[in-house]
file target.cif (mmCIF, C-alpha atoms)
data_protein
loop_
_atom_site.label_atom_id
_atom_site.label_comp_id
_atom_site.auth_asym_id
_atom_site.auth_seq_id
_atom_site.Cartn_x
_atom_site.Cartn_y
_atom_site.Cartn_z
CA MET J 1 0.00 0.00 0.00
CA LYS J 2 1.30 3.45 -0.94
CA ILE J 3 0.24 7.00 -0.17
CA THR J 4 -1.05 8.69 -3.32
CA THR J 5 -2.38 12.07 -2.19
CA ILE J 6 -2.48 14.26 0.92
CA GLU J 7 -4.76 17.29 1.00
CA ALA J 8 -5.80 19.75 3.69
CA PHE J 9 -9.22 21.44 3.82
CA LEU J 10 -10.25 24.53 5.79
CA ALA J 11 -13.69 23.46 6.99
CA PRO J 12 -16.05 25.96 8.64
CA PRO J 13 -16.49 27.01 11.29
CA GLU J 14 -12.78 26.85 12.17
CA TRP J 15 -11.22 23.44 11.48
CA THR J 16 -8.45 21.99 9.30
CA PHE J 17 -9.15 18.47 8.04
CA VAL J 18 -6.61 16.30 6.24
CA ARG J 19 -7.33 13.47 3.81
CA VAL J 20 -4.64 10.87 3.07
CA GLU J 21 -5.45 8.55 0.18
CA THR J 22 -3.78 5.28 -0.79
CA ASP J 23 -3.51 3.17 -3.92
CA GLU J 24 -5.60 0.44 -2.25
CA GLY J 25 -8.60 2.71 -1.80
CA ILE J 26 -8.22 3.16 1.96
CA THR J 27 -8.55 6.80 3.04
CA GLY J 28 -7.45 8.19 6.37
CA TRP J 29 -8.67 11.42 7.95
CA GLY J 30 -6.81 13.70 10.34
CA GLU J 31 -7.28 17.12 11.85
CA ALA J 32 -4.85 19.88 12.77
CA GLY J 33 -5.10 22.29 15.66
CA MET J 34 -4.10 25.98 15.51
CA SER J 35 -7.42 27.20 14.14
CA PHE J 36 -6.20 30.79 14.50
CA ARG J 37 -3.35 30.06 12.06
CA ALA J 38 -5.15 27.57 9.82
CA ARG J 39 -3.72 28.82 6.52
CA ALA J 40 -0.16 28.50 7.80
CA VAL J 41 -0.87 24.97 9.03
CA ARG J 42 -2.42 24.00 5.70
CA GLU J 43 0.72 25.07 3.87
CA ALA J 44 2.90 23.17 6.35
CA ILE J 45 0.83 20.03 5.68
CA HIS J 46 1.22 20.45 1.94
CA ASP J 47 4.95 20.96 2.44
CA MET J 48 5.27 17.74 4.47
CA ARG J 49 3.43 15.66 1.89
CA GLU J 50 6.43 15.91 -0.44
CA ILE J 51 8.29 13.39 1.73
CA LEU J 52 5.27 11.05 2.09
CA ILE J 53 3.82 10.54 -1.38
CA GLY J 54 4.68 7.06 -2.59
CA GLN J 55 5.50 5.81 0.93
CA ASP J 56 3.95 2.95 2.89
CA PRO J 57 1.37 4.61 5.22
CA THR J 58 1.69 1.88 7.84
CA LYS J 59 5.25 2.94 8.75
CA ILE J 60 3.80 5.48 11.17
CA GLU J 61 6.72 5.87 13.57
CA PHE J 62 9.20 6.16 10.72
CA HIS J 63 7.12 8.91 9.12
CA TRP J 64 6.65 10.69 12.45
CA GLN J 65 10.41 10.82 12.99
CA VAL J 66 11.08 12.09 9.48
CA MET J 67 8.33 14.73 9.57
CA ARG J 68 9.61 16.10 12.88
CA LYS J 69 13.33 15.90 12.20
CA SER J 70 13.66 16.63 8.48
CA SER J 71 13.49 20.37 9.14
CA PHE J 72 16.46 22.02 10.82
CA PHE J 73 13.97 24.05 12.91
CA ARG J 74 11.65 21.69 14.75
CA GLY J 75 8.49 21.85 16.81
CA GLY J 76 6.28 24.80 17.54
CA PRO J 77 2.51 24.95 17.12
CA VAL J 78 2.32 25.19 13.31
CA LEU J 79 4.69 22.34 12.46
CA SER J 80 3.45 20.17 15.34
CA SER J 81 -0.17 20.68 14.23
CA ALA J 82 0.66 19.76 10.64
CA LEU J 83 2.50 16.65 11.80
CA ALA J 84 -0.39 15.78 14.13
CA ALA J 85 -2.98 15.88 11.36
CA ILE J 86 -1.02 13.52 9.12
CA ASP J 87 -0.15 11.20 12.01
CA ILE J 88 -3.84 10.88 12.97
CA ALA J 89 -4.74 10.06 9.36
CA LEU J 90 -2.03 7.38 9.18
CA TRP J 91 -3.36 5.69 12.32
CA ASP J 92 -6.84 5.83 10.77
CA ILE J 93 -5.50 4.06 7.66
CA LEU J 94 -3.69 1.41 9.69
CA GLY J 95 -6.78 0.63 11.75
CA LYS J 96 -8.99 0.44 8.68
CA SER J 97 -6.51 -1.80 6.84
CA LEU J 98 -6.50 -4.25 9.76
CA GLY J 99 -10.20 -3.91 10.56
CA VAL J 100 -9.67 -2.78 14.17
CA PRO J 101 -10.08 0.45 16.16
CA VAL J 102 -6.93 2.46 16.83
CA HIS J 103 -7.21 1.79 20.58
CA VAL J 104 -6.63 -1.90 19.85
CA LEU J 105 -3.38 -0.98 18.10
CA LEU J 106 -2.37 1.05 21.18
CA GLY J 107 -2.48 -2.06 23.34
CA GLY J 108 -6.19 -2.54 23.73
CA PRO J 109 -8.81 -0.77 25.83
CA VAL J 110 -8.38 -0.28 29.56
CA ARG J 111 -11.89 1.20 29.98
CA GLU J 112 -15.29 0.93 28.35
CA THR J 113 -16.28 4.61 28.62
CA ALA J 114 -14.52 7.98 28.69
CA ARG J 115 -15.98 10.68 30.93
CA ALA J 116 -16.37 14.12 29.34
CA TYR J 117 -17.14 17.66 30.43
CA ALA J 118 -19.04 20.57 28.88
CA TRP J 119 -18.14 24.25 28.67
CA ILE J 120 -20.48 26.72 30.32
CA GLY J 121 -20.54 30.47 30.80
CA GLY J 122 -18.81 31.49 27.57
CA ASP J 123 -15.50 33.37 27.70
CA ASP J 124 -16.36 35.02 31.02
CA LEU J 125 -18.48 33.21 33.59
CA CYS J 126 -19.20 36.50 35.37
CA ALA J 127 -20.62 38.12 32.23
CA ILE J 128 -23.96 36.52 33.05
CA SER J 129 -25.78 36.31 36.36
CA SER J 130 -25.21 33.40 38.69
CA GLU J 131 -28.85 32.42 38.10
CA GLU J 132 -28.28 32.24 34.34
CA LEU J 133 -25.10 30.24 34.92
CA VAL J 134 -26.94 27.73 37.07
CA ASP J 135 -29.80 27.41 34.55
CA GLU J 136 -27.35 26.73 31.71
CA THR J 137 -25.56 24.08 33.76
CA LEU J 138 -28.73 22.30 34.87
CA GLY J 139 -29.74 22.04 31.23
CA LEU J 140 -26.53 20.13 30.55
CA VAL J 141 -27.10 17.99 33.64
CA ASP J 142 -30.36 16.94 32.00
CA GLN J 143 -28.28 15.86 28.95
CA GLY J 144 -26.22 13.59 31.17
CA PHE J 145 -23.13 15.68 31.89
CA THR J 146 -21.52 15.35 35.31
CA ALA J 147 -18.61 17.79 34.86
CA PHE J 148 -18.40 21.41 33.68
CA LYS J 149 -15.67 23.90 32.85
CA LEU J 150 -15.81 27.69 33.11
CA THR J 151 -13.51 30.60 32.34
CA PRO J 152 -13.04 33.59 34.69
CA PRO J 153 -12.99 37.24 33.60
CA LYS J 154 -9.83 38.93 32.38
CA THR J 155 -7.86 40.64 35.11
CA SER J 156 -4.93 42.95 35.64
CA ALA J 157 -1.63 41.86 37.14
CA ILE J 158 -2.88 42.79 40.60
CA ASP J 159 -6.63 43.38 40.55
CA VAL J 160 -9.04 44.81 43.09
CA PRO J 161 -10.44 42.53 45.84
CA SER J 162 -13.92 42.51 44.27
CA TYR J 163 -12.59 40.38 41.38
CA GLY J 164 -12.12 37.41 43.70
CA SER J 165 -15.38 37.91 45.59
CA LYS J 166 -17.43 38.10 42.38
CA LEU J 167 -15.74 35.00 40.97
CA MET J 168 -16.30 33.11 44.21
CA GLY J 169 -19.94 34.19 44.31
CA HIS J 170 -20.71 32.74 40.87
CA LEU J 171 -18.81 29.50 41.48
CA SER J 172 -20.36 29.02 44.93
CA ALA J 173 -23.85 29.39 43.45
CA LEU J 174 -22.97 26.78 40.85
CA ARG J 175 -21.51 24.38 43.43
CA ASN J 176 -24.58 24.72 45.64
CA SER J 177 -26.87 23.98 42.68
CA ILE J 178 -25.15 20.86 41.34
CA GLY J 179 -23.99 19.41 44.65
CA PRO J 180 -20.85 17.47 45.59
CA ASP J 181 -21.36 14.57 43.16
CA ARG J 182 -20.57 16.62 40.07
CA ASP J 183 -17.34 18.37 39.09
CA ILE J 184 -16.36 21.93 38.26
CA ALA J 185 -13.15 22.92 36.48
CA LEU J 186 -11.87 26.46 36.06
CA ASP J 187 -9.96 27.29 32.85
CA VAL J 188 -8.04 30.49 33.53
CA HIS J 189 -6.53 30.67 30.01
CA GLY J 190 -3.34 32.10 31.50
CA ARG J 191 -5.20 35.29 32.44
CA TRP J 192 -3.84 35.42 35.98
CA SER J 193 -0.41 36.64 36.96
CA LYS J 194 1.51 34.57 39.48
CA THR J 195 0.49 37.10 42.12
CA MET J 196 -3.22 36.82 41.29
CA ALA J 197 -3.00 33.03 41.19
CA ARG J 198 -1.46 32.95 44.67
CA ARG J 199 -4.20 35.26 45.92
CA LEU J 200 -7.14 33.43 44.30
CA LEU J 201 -6.29 29.74 44.60
CA PRO J 202 -6.71 29.66 48.42
CA ILE J 203 -10.08 31.43 48.10
CA LEU J 204 -11.28 28.76 45.66
CA GLU J 205 -10.14 25.74 47.68
CA PRO J 206 -13.47 25.19 49.51
CA LEU J 207 -15.14 24.53 46.14
CA ASP J 208 -13.13 21.31 45.62
CA LEU J 209 -12.60 21.99 41.92
CA ILE J 210 -11.51 19.00 39.82
CA PHE J 211 -8.72 21.23 38.48
CA VAL J 212 -7.65 24.81 37.80
CA GLU J 213 -6.37 25.00 34.23
CA GLU J 214 -3.59 27.31 33.06
CA PRO J 215 -3.56 29.62 36.11
CA ILE J 216 -0.45 31.16 34.54
CA LEU J 217 0.74 31.36 30.94
CA ALA J 218 2.56 28.47 29.31
CA GLU J 219 5.70 30.58 28.91
CA ASN J 220 5.74 31.04 32.69
CA LEU J 221 5.58 27.34 33.57
CA HIS J 222 9.02 27.53 35.15
CA MET J 223 7.09 29.08 38.06
CA VAL J 224 4.21 26.60 38.24
CA GLY J 225 5.90 24.65 41.04
CA GLU J 226 5.48 27.72 43.26
CA LEU J 227 1.72 27.35 42.84
CA THR J 228 1.40 23.58 43.12
CA SER J 229 3.29 23.63 46.41
CA THR J 230 0.96 26.19 47.99
CA THR J 231 -2.53 24.90 47.11
CA LYS J 232 -4.46 21.67 47.48
CA LEU J 233 -6.37 22.38 44.28
CA PRO J 234 -5.22 20.23 41.34
CA ILE J 235 -3.35 22.35 38.78
CA ALA J 236 -3.72 21.48 35.10
CA THR J 237 -1.80 22.70 32.06
CA GLY J 238 -0.52 21.61 28.68
CA GLU J 239 -2.74 22.73 25.80
CA ARG J 240 0.05 25.06 24.63
CA LEU J 241 2.78 22.42 24.84
CA PHE J 242 3.59 20.39 21.76
CA SER J 243 5.93 17.50 22.57
CA ARG J 244 7.20 15.21 25.32
CA TRP J 245 10.21 17.53 25.59
CA ASP J 246 7.88 20.43 26.39
CA PHE J 247 6.10 18.33 29.03
CA LEU J 248 9.19 16.83 30.66
CA ASP J 249 9.75 19.44 33.37
CA VAL J 250 6.03 20.09 33.75
CA VAL J 251 5.17 16.55 34.85
CA LYS J 252 7.88 16.86 37.50
CA SER J 253 6.59 20.20 38.82
CA GLY J 254 3.73 18.97 40.98
CA VAL J 255 0.89 19.55 38.51
CA ALA J 256 -1.92 17.02 38.88
CA VAL J 257 -3.26 17.07 35.32
CA ILE J 258 -1.72 17.51 31.87
CA GLN J 259 -3.75 18.45 28.81
CA PRO J 260 -2.02 17.57 25.55
CA ASP J 261 -4.07 18.08 22.41
CA VAL J 262 -3.80 15.29 19.85
CA ALA J 263 -4.26 17.83 17.02
CA LEU J 264 -1.47 20.06 18.34
CA ALA J 265 1.01 17.81 20.13
CA GLY J 266 2.23 15.59 17.31
CA GLY J 267 -0.82 13.41 16.84
CA ILE J 268 -1.75 10.06 18.33
CA SER J 269 1.86 8.88 18.37
CA GLU J 270 3.20 11.73 20.50
CA THR J 271 0.14 12.24 22.70
CA ARG J 272 0.29 8.59 23.71
CA ARG J 273 3.96 9.02 24.65
CA ILE J 274 3.24 12.18 26.62
CA ALA J 275 0.59 10.35 28.64
CA ALA J 276 3.01 7.52 29.39
CA GLN J 277 5.68 10.04 30.39
CA ALA J 278 3.30 11.51 32.97
CA GLU J 279 2.32 8.21 34.57
CA PRO J 280 5.46 7.69 36.72
CA TYR J 281 4.84 11.11 38.30
CA ASP J 282 1.22 10.22 39.22
CA VAL J 283 -0.08 12.81 36.77
CA VAL J 284 -3.35 12.16 34.98
CA VAL J 285 -4.39 13.21 31.48
CA ALA J 286 -7.38 15.35 30.47
CA PRO J 287 -6.90 15.82 26.72
CA HIS J 288 -7.53 19.29 25.34
CA CYS J 289 -10.08 19.18 22.49
CA PRO J 290 -11.96 22.34 21.47
CA PHE J 291 -11.76 21.38 17.79
CA GLY J 292 -13.76 19.23 15.37
CA PRO J 293 -15.03 15.63 15.14
CA ILE J 294 -11.79 14.06 13.92
CA THR J 295 -9.82 15.44 16.87
CA LEU J 296 -12.45 14.16 19.30
CA ALA J 297 -12.44 10.72 17.66
CA ALA J 298 -8.63 10.53 17.87
CA SER J 299 -8.68 11.71 21.50
CA LEU J 300 -11.17 9.02 22.46
CA GLN J 301 -9.01 6.31 20.90
CA ILE J 302 -6.20 7.43 23.20
CA ASP J 303 -8.54 7.72 26.19
CA PHE J 304 -9.76 4.15 25.86
CA ALA J 305 -6.18 2.81 25.88
CA THR J 306 -4.56 5.15 28.45
CA PRO J 307 -4.42 4.03 32.09
CA ASN J 308 -3.93 7.54 33.55
CA PHE J 309 -6.81 9.18 31.67
CA LEU J 310 -9.02 11.50 33.75
CA ILE J 311 -11.63 13.28 31.62
CA GLN J 312 -12.15 14.42 28.02
CA GLU J 313 -12.90 17.89 26.67
CA GLN J 314 -15.42 18.02 23.82
CA SER J 315 -17.07 20.73 21.73
CA ILE J 316 -20.22 19.00 20.47
CA THR J 317 -22.27 20.94 23.01
CA PHE J 318 -20.68 24.17 21.76
CA PHE J 319 -20.89 23.70 17.98
CA GLY J 320 -23.92 21.39 17.71
CA ASP J 321 -24.94 20.68 14.11
CA GLN J 322 -21.82 22.40 12.75
CA PHE J 323 -19.83 19.64 14.48
CA LEU J 324 -22.02 16.67 13.58
CA ARG J 325 -22.68 17.54 9.93
CA TYR J 326 -19.27 16.17 8.90
CA LEU J 327 -20.16 12.66 10.11
CA LYS J 328 -22.18 10.13 8.14
CA ASP J 329 -23.32 8.61 11.43
CA PRO J 330 -23.28 11.07 14.36
CA SER J 331 -24.37 8.31 16.74
CA VAL J 332 -20.75 7.13 16.94
CA PHE J 333 -20.36 9.74 19.68
CA ASN J 334 -22.82 7.93 21.91
CA PHE J 335 -23.04 9.61 25.30
CA LYS J 336 -24.27 7.78 28.38
CA ASP J 337 -24.19 8.82 32.04
CA GLY J 338 -21.67 11.58 31.40
CA SER J 339 -19.32 9.50 29.26
CA PHE J 340 -18.59 8.52 25.66
CA VAL J 341 -19.02 4.83 24.94
CA GLN J 342 -16.10 2.83 23.54
CA THR J 343 -16.15 2.58 19.76
CA THR J 344 -15.71 -0.67 17.86
CA ALA J 345 -15.52 0.53 14.24
CA PRO J 346 -12.08 0.36 12.57
CA GLY J 347 -9.61 3.23 12.52
CA LEU J 348 -10.78 6.33 14.33
CA GLY J 349 -14.26 4.83 14.57
CA ILE J 350 -15.95 7.54 12.51
CA GLU J 351 -16.97 7.87 8.87
CA ILE J 352 -16.40 11.34 7.45
CA ASP J 353 -18.90 12.71 4.94
CA GLU J 354 -16.40 13.65 2.25
CA SER J 355 -18.95 15.42 0.10
CA MET J 356 -19.78 17.70 3.03
CA VAL J 357 -16.09 18.42 3.64
CA LEU J 358 -15.57 19.37 0.00
CA ARG J 359 -18.71 21.49 -0.08
CA MET J 360 -17.80 23.41 3.07
CA ALA J 361 -14.11 23.70 2.16
CA ALA J 362 -15.20 25.60 -0.95
CA ILE J 363 -16.45 28.21 1.53
CA GLY J 364 -13.43 27.85 3.83
CA HIS J 365 -12.70 29.95 6.88
CA ASN J 366 -10.23 32.49 8.20
CA HIS J 367 -10.92 32.11 11.90
CA LYS J 368 -9.27 34.76 14.07
CA GLN J 369 -8.64 34.97 17.79
CA PRO J 370 -10.60 37.76 19.45
CA LEU J 371 -8.48 40.66 20.64
CA TRP J 372 -9.08 41.67 24.25
CA TRP J 373 -8.05 44.93 25.91
CA HIS J 374 -7.76 46.26 29.43
CA SER J 375 -9.54 49.49 30.36
CA ASP J 376 -6.29 51.40 29.87
CA GLY J 377 -5.99 50.20 26.27
CA SER J 378 -3.26 47.57 26.86
CA TYR J 379 -3.52 44.03 25.57
CA ALA J 380 -5.40 41.49 27.72
CA GLU J 381 -5.00 37.70 27.56
CA PHE J 382 -7.80 35.93 25.73
#

call {"tool": "encode", "arguments": {"input": "target.cif", "output": "structure tokens"}}
result
Amino acid sequence: MKITTIEAFLAPPEWTFVRVETDEGITGWGEAGMSFRARAVREAIHDMREILIGQDPTKIEFHWQVMRKSSFFRGGPVLSSALAAIDIALWDILGKSLGVPVHVLLGGPVRETARAYAWIGGDDLCAISSEELVDETLGLVDQGFTAFKLTPPKTSAIDVPSYGSKLMGHLSALRNSIGPDRDIALDVHGRWSKTMARRLLPILEPLDLIFVEEPILAENLHMVGELTSTTKLPIATGERLFSRWDFLDVVKSGVAVIQPDVALAGGISETRRIAAQAEPYDVVVAPHCPFGPITLAASLQIDFATPNFLIQEQSITFFGDQFLRYLKDPSVFNFKDGSFVQTTAPGLGIEIDESMVLRMAAIGHNHKQPLWWHSDGSYAEF
């Protein structure tokens, strides 16, 4: 079997899909992260295909090594996302050629379901009333969700005391409404300074959050140990890290949860290695996944085969029909009692509607990150 074509598609609302075709009629699908730089990623994918056309697609590790190392300058979000998309597609091809799900090729399943959480509250949980926040969450409880993630407001380096009291008021109302048998995560998006994190984490401890994600920026992770040593709240990070080398010091720092993204961190091959790297440090994995259906399918294949898996991010509840329209059978993402059910179909376990991809790619997208500003006109972290 030989690779014949590799093509990337910018699929609305904000995703980059990759199709890898072979001379035996087996097609693999992948997806790249970096939706805010999708055109750059697409060109990186098309650049990488020059070394893959005519090659055996089942030599996944060989191709991974060549794609990463054949450029003098390695890594980074664009190149790692391009590599990830192709790697995911190659695993899809291998699974389809053997008639088994990818999780079987990763050593077989260690669980039958993968718990997932839903986003609530938009980009600022305090932008709505606590009553509206509770109503939104209870609606998702009715859909079966048992875990929820929220994002706090933007803040200055050292903000006024009312910031913490307002945040605590909203989260306390939510905790009181859903009780102690459901989980709340807080995704800070790196909006806090180290000073604000040290001030706010103790205030939040009575809420027993499942984790606090990215309390400080990824470029400041050399300081994350100062936070993990001073709070009992589990600290999570990793969506802006792209390889096991990036994660090496992080898993030793005292964080409780890492969050590699299969569409950013080198695909199934590297994400699986990152998870294994974390296991000796008693660190669990909550894969980052705000992207499309192919990324979620690839993440679930890893979840089913990873012993130290904690919980899965998903964006079906955010994108709805825009997410599901690319699947011939949306029921593959069966959801029961707060968890996705293990898939049995070969490859990634999904069947992409190629005609829909082509139709929507003709429209394309140029998704941009919102620009946020402080009241004084300076840049604020999104």

call {"tool": "residues_around", "arguments": {"input": "target.cif", "residues": "Arg115 of chain J", "least_positions_apart": "4", "cutoff": "12 Å", "atoms": "all atoms listed in the file", "output": "tab-separated table (two decimals) with C-alpha atoms, in the coordinates of the input"}}
result
chain	number	residue	atom	x	y	z
J	111	ARG	CA	-11.89	1.20	29.98
J	144	GLY	CA	-26.22	13.59	31.17
J	145	PHE	CA	-23.13	15.68	31.89
J	146	THR	CA	-21.52	15.35	35.31
J	147	ALA	CA	-18.61	17.79	34.86
J	148	PHE	CA	-18.40	21.41	33.68
J	182	ARG	CA	-20.57	16.62	40.07
J	183	ASP	CA	-17.34	18.37	39.09
J	285	VAL	CA	-4.39	13.21	31.48
J	286	ALA	CA	-7.38	15.35	30.47
J	287	PRO	CA	-6.90	15.82	26.72
J	299	SER	CA	-8.68	11.71	21.50
J	300	LEU	CA	-11.17	9.02	22.46
J	303	ASP	CA	-8.54	7.72	26.19
J	304	PHE	CA	-9.76	4.15	25.86
J	309	PHE	CA	-6.81	9.18	31.67
J	310	LEU	CA	-9.02	11.50	33.75
J	311	ILE	CA	-11.63	13.28	31.62
J	312	GLN	CA	-12.15	14.42	28.02
J	313	GLU	CA	-12.90	17.89	26.67
J	314	GLN	CA	-15.42	18.02	23.82
J	334	ASN	CA	-22.82	7.93	21.91
J	335	PHE	CA	-23.04	9.61	25.30
J	336	LYS	CA	-24.27	7.78	28.38
J	337	ASP	CA	-24.19	8.82	32.04
J	338	GLY	CA	-21.67	11.58	31.40
J	339	SER	CA	-19.32	9.50	29.26
J	340	PHE	CA	-18.59	8.52	25.66
J	341	VAL	CA	-19.02	4.83	24.94
J	342	GLN	CA	-16.10	2.83	23.54

call {"tool": "closest_residue", "arguments": {"input": "target.cif", "among": "J:Ile210, J:Cys289, J:Val104, J:Ala173", "to": "Leu186 of chain J", "atoms": "only C-alpha atoms"}}
result
J:Ile210

call {"tool": "resolve_selection", "arguments": {"input": "target.cif", "expression": "the PyMOL selection byres ((chain J and resi 219) around 12)", "output": "PyMOL selection string"}}
result
chain J and resi 190+193+214-218+220-224+237-241+246+250

call {"tool": "residues_around", "arguments": {"input": "target.cif", "residues": "Gly254 of chain J", "least_positions_apart": "6", "cutoff": "10 Å", "atoms": "all atoms listed in the file", "output": "PDB file with C-alpha atoms, keeping the file's coordinate frame"}}
result
ATOM      1  CA  VAL J 224       4.210  26.600  38.240  1.00  0.00           C
ATOM      2  CA  GLY J 225       5.900  24.650  41.040  1.00  0.00           C
ATOM      3  CA  GLU J 226       5.480  27.720  43.260  1.00  0.00           C
ATOM      4  CA  LEU J 227       1.720  27.350  42.840  1.00  0.00           C
ATOM      5  CA  THR J 228       1.400  23.580  43.120  1.00  0.00           C
ATOM      6  CA  SER J 229       3.290  23.630  46.410  1.00  0.00           C
ATOM      7  CA  PRO J 234      -5.220  20.230  41.340  1.00  0.00           C
ATOM      8  CA  ILE J 235      -3.350  22.350  38.780  1.00  0.00           C
ATOM      9  CA  ALA J 236      -3.720  21.480  35.100  1.00  0.00           C
ATOM     10  CA  TYR J 281       4.840  11.110  38.300  1.00  0.00           C
ATOM     11  CA  ASP J 282       1.220  10.220  39.220  1.00  0.00           C
ATOM     12  CA  VAL J 283      -0.080  12.810  36.770  1.00  0.00           C
TER      13      VAL J 283
END

call {"tool": "residues_around", "arguments": {"input": "target.cif", "residues": "segment 24-30 of chain J", "least_positions_apart": "2", "cutoff": "10 Å", "atoms": "all atoms listed in the file", "output": "ChimeraX atom specification"}}
result
/J:1-8,16-22,32,57,82-97,263,267,293-295,297-298,347-348,350-352,354

call {"tool": "atom_distance", "arguments": {"input": "target.cif", "atom1": "atom CA of Pro346 of chain J", "atom2": "atom CA of Leu98 of chain J"}}
result
7.8 Å

call {"tool": "atom_distance", "arguments": {"input": "target.cif", "atom1": "atom CA of Val255 of chain J", "atom2": "atom CA of Leu371 of chain J"}}
result
29.2 Å

call {"tool": "atom_distance", "arguments": {"input": "target.cif", "atom1": "atom CA of His367 of chain J", "atom2": "atom CA of Pro12 of chain J"}}
result
8.6 Å

call {"tool": "resolve_selection", "arguments": {"input": "target.cif", "expression": "the PyMOL selection byres ((chain J and resi 178) around 10)", "output": "count of residues only"}}
result
17

call {"tool": "residues_around", "arguments": {"input": "target.cif", "residues": "Asp353 of chain J", "least_positions_apart": "5", "cutoff": "7 Å", "atoms": "only C-alpha atoms", "output": "PDB file with C-alpha atoms, keeping the file's coordinate frame"}}
result
ATOM      1  CA  TYR J 326     -19.270  16.170   8.900  1.00  0.00           C
ATOM      2  CA  LEU J 327     -20.160  12.660  10.110  1.00  0.00           C
ATOM      3  CA  LYS J 328     -22.180  10.130   8.140  1.00  0.00           C
TER       4      LYS J 328
END

call {"tool": "closest_residue", "arguments": {"input": "target.cif", "among": "J:Lys252, J:Lys59, J:Lys149, J:Arg244", "to": "Ser315 of chain J", "atoms": "all atoms listed in the file"}}
result
J:Lys149

call {"tool": "resolve_selection", "arguments": {"input": "target.cif", "expression": "the PyMOL selection byres ((chain J and resi 374) around 12)", "output": "ChimeraX atom specification"}}
result
/J:153-157,159,191,371-373,375-382

call {"tool": "closest_residue", "arguments": {"input": "target.cif", "among": "J:Pro13, J:Pro109, J:Gly75, J:Gly33", "to": "Ala305 of chain J", "atoms": "all atoms listed in the file"}}
result
J:Pro109

call {"tool": "build_atoms", "arguments": {"input": "target.cif", "residues": "segment 18-31 of chain J", "atoms": "N, CA and C atoms", "output": "PDB file, keeping the file's coordinate frame"}}
result
ATOM      1  N   VAL J  18      -7.604  16.843   7.170  1.00  0.00           N
ATOM      2  CA  VAL J  18      -6.610  16.300   6.240  1.00  0.00           C
ATOM      3  C   VAL J  18      -7.085  14.943   5.739  1.00  0.00           C
ATOM      4  N   ARG J  19      -6.981  14.756   4.438  1.00  0.00           N
ATOM      5  CA  ARG J  19      -7.330  13.470   3.810  1.00  0.00           C
ATOM      6  C   ARG J  19      -6.080  12.866   3.221  1.00  0.00           C
ATOM      7  N   VAL J  20      -5.773  11.623   3.622  1.00  0.00           N
ATOM      8  CA  VAL J  20      -4.640  10.870   3.070  1.00  0.00           C
ATOM      9  C   VAL J  20      -5.211   9.685   2.309  1.00  0.00           C
ATOM     10  N   GLU J  21      -4.933   9.621   1.015  1.00  0.00           N
ATOM     11  CA  GLU J  21      -5.450   8.550   0.180  1.00  0.00           C
ATOM     12  C   GLU J  21      -4.348   7.573  -0.198  1.00  0.00           C
ATOM     13  N   THR J  22      -4.746   6.326  -0.444  1.00  0.00           N
ATOM     14  CA  THR J  22      -3.780   5.280  -0.790  1.00  0.00           C
ATOM     15  C   THR J  22      -4.188   4.605  -2.095  1.00  0.00           C
ATOM     16  N   ASP J  23      -3.229   3.857  -2.656  1.00  0.00           N
ATOM     17  CA  ASP J  23      -3.510   3.170  -3.920  1.00  0.00           C
ATOM     18  C   ASP J  23      -4.383   1.945  -3.746  1.00  0.00           C
ATOM     19  N   GLU J  24      -4.706   1.564  -2.497  1.00  0.00           N
ATOM     20  CA  GLU J  24      -5.600   0.440  -2.250  1.00  0.00           C
ATOM     21  C   GLU J  24      -7.012   0.893  -1.880  1.00  0.00           C
ATOM     22  N   GLY J  25      -7.264   2.193  -2.031  1.00  0.00           N
ATOM     23  CA  GLY J  25      -8.600   2.710  -1.800  1.00  0.00           C
ATOM     24  C   GLY J  25      -8.940   2.998  -0.355  1.00  0.00           C
ATOM     25  N   ILE J  26      -7.992   2.842   0.548  1.00  0.00           N
ATOM     26  CA  ILE J  26      -8.220   3.160   1.960  1.00  0.00           C
ATOM     27  C   ILE J  26      -7.842   4.625   2.193  1.00  0.00           C
ATOM     28  N   THR J  27      -8.764   5.378   2.771  1.00  0.00           N
ATOM     29  CA  THR J  27      -8.550   6.800   3.040  1.00  0.00           C
ATOM     30  C   THR J  27      -8.517   7.037   4.544  1.00  0.00           C
ATOM     31  N   GLY J  28      -7.539   7.800   4.972  1.00  0.00           N
ATOM     32  CA  GLY J  28      -7.450   8.190   6.370  1.00  0.00           C
ATOM     33  C   GLY J  28      -7.730   9.667   6.537  1.00  0.00           C
ATOM     34  N   TRP J  29      -8.354  10.022   7.663  1.00  0.00           N
ATOM     35  CA  TRP J  29      -8.670  11.420   7.950  1.00  0.00           C
ATOM     36  C   TRP J  29      -7.963  11.870   9.219  1.00  0.00           C
ATOM     37  N   GLY J  30      -7.435  13.081   9.177  1.00  0.00           N
ATOM     38  CA  GLY J  30      -6.810  13.700  10.340  1.00  0.00           C
ATOM     39  C   GLY J  30      -7.296  15.111  10.499  1.00  0.00           C
ATOM     40  N   GLU J  31      -6.896  15.730  11.589  1.00  0.00           N
ATOM     41  CA  GLU J  31      -7.280  17.120  11.850  1.00  0.00           C
ATOM     42  C   GLU J  31      -6.143  17.823  12.556  1.00  0.00           C
TER      43      GLU J  31
END
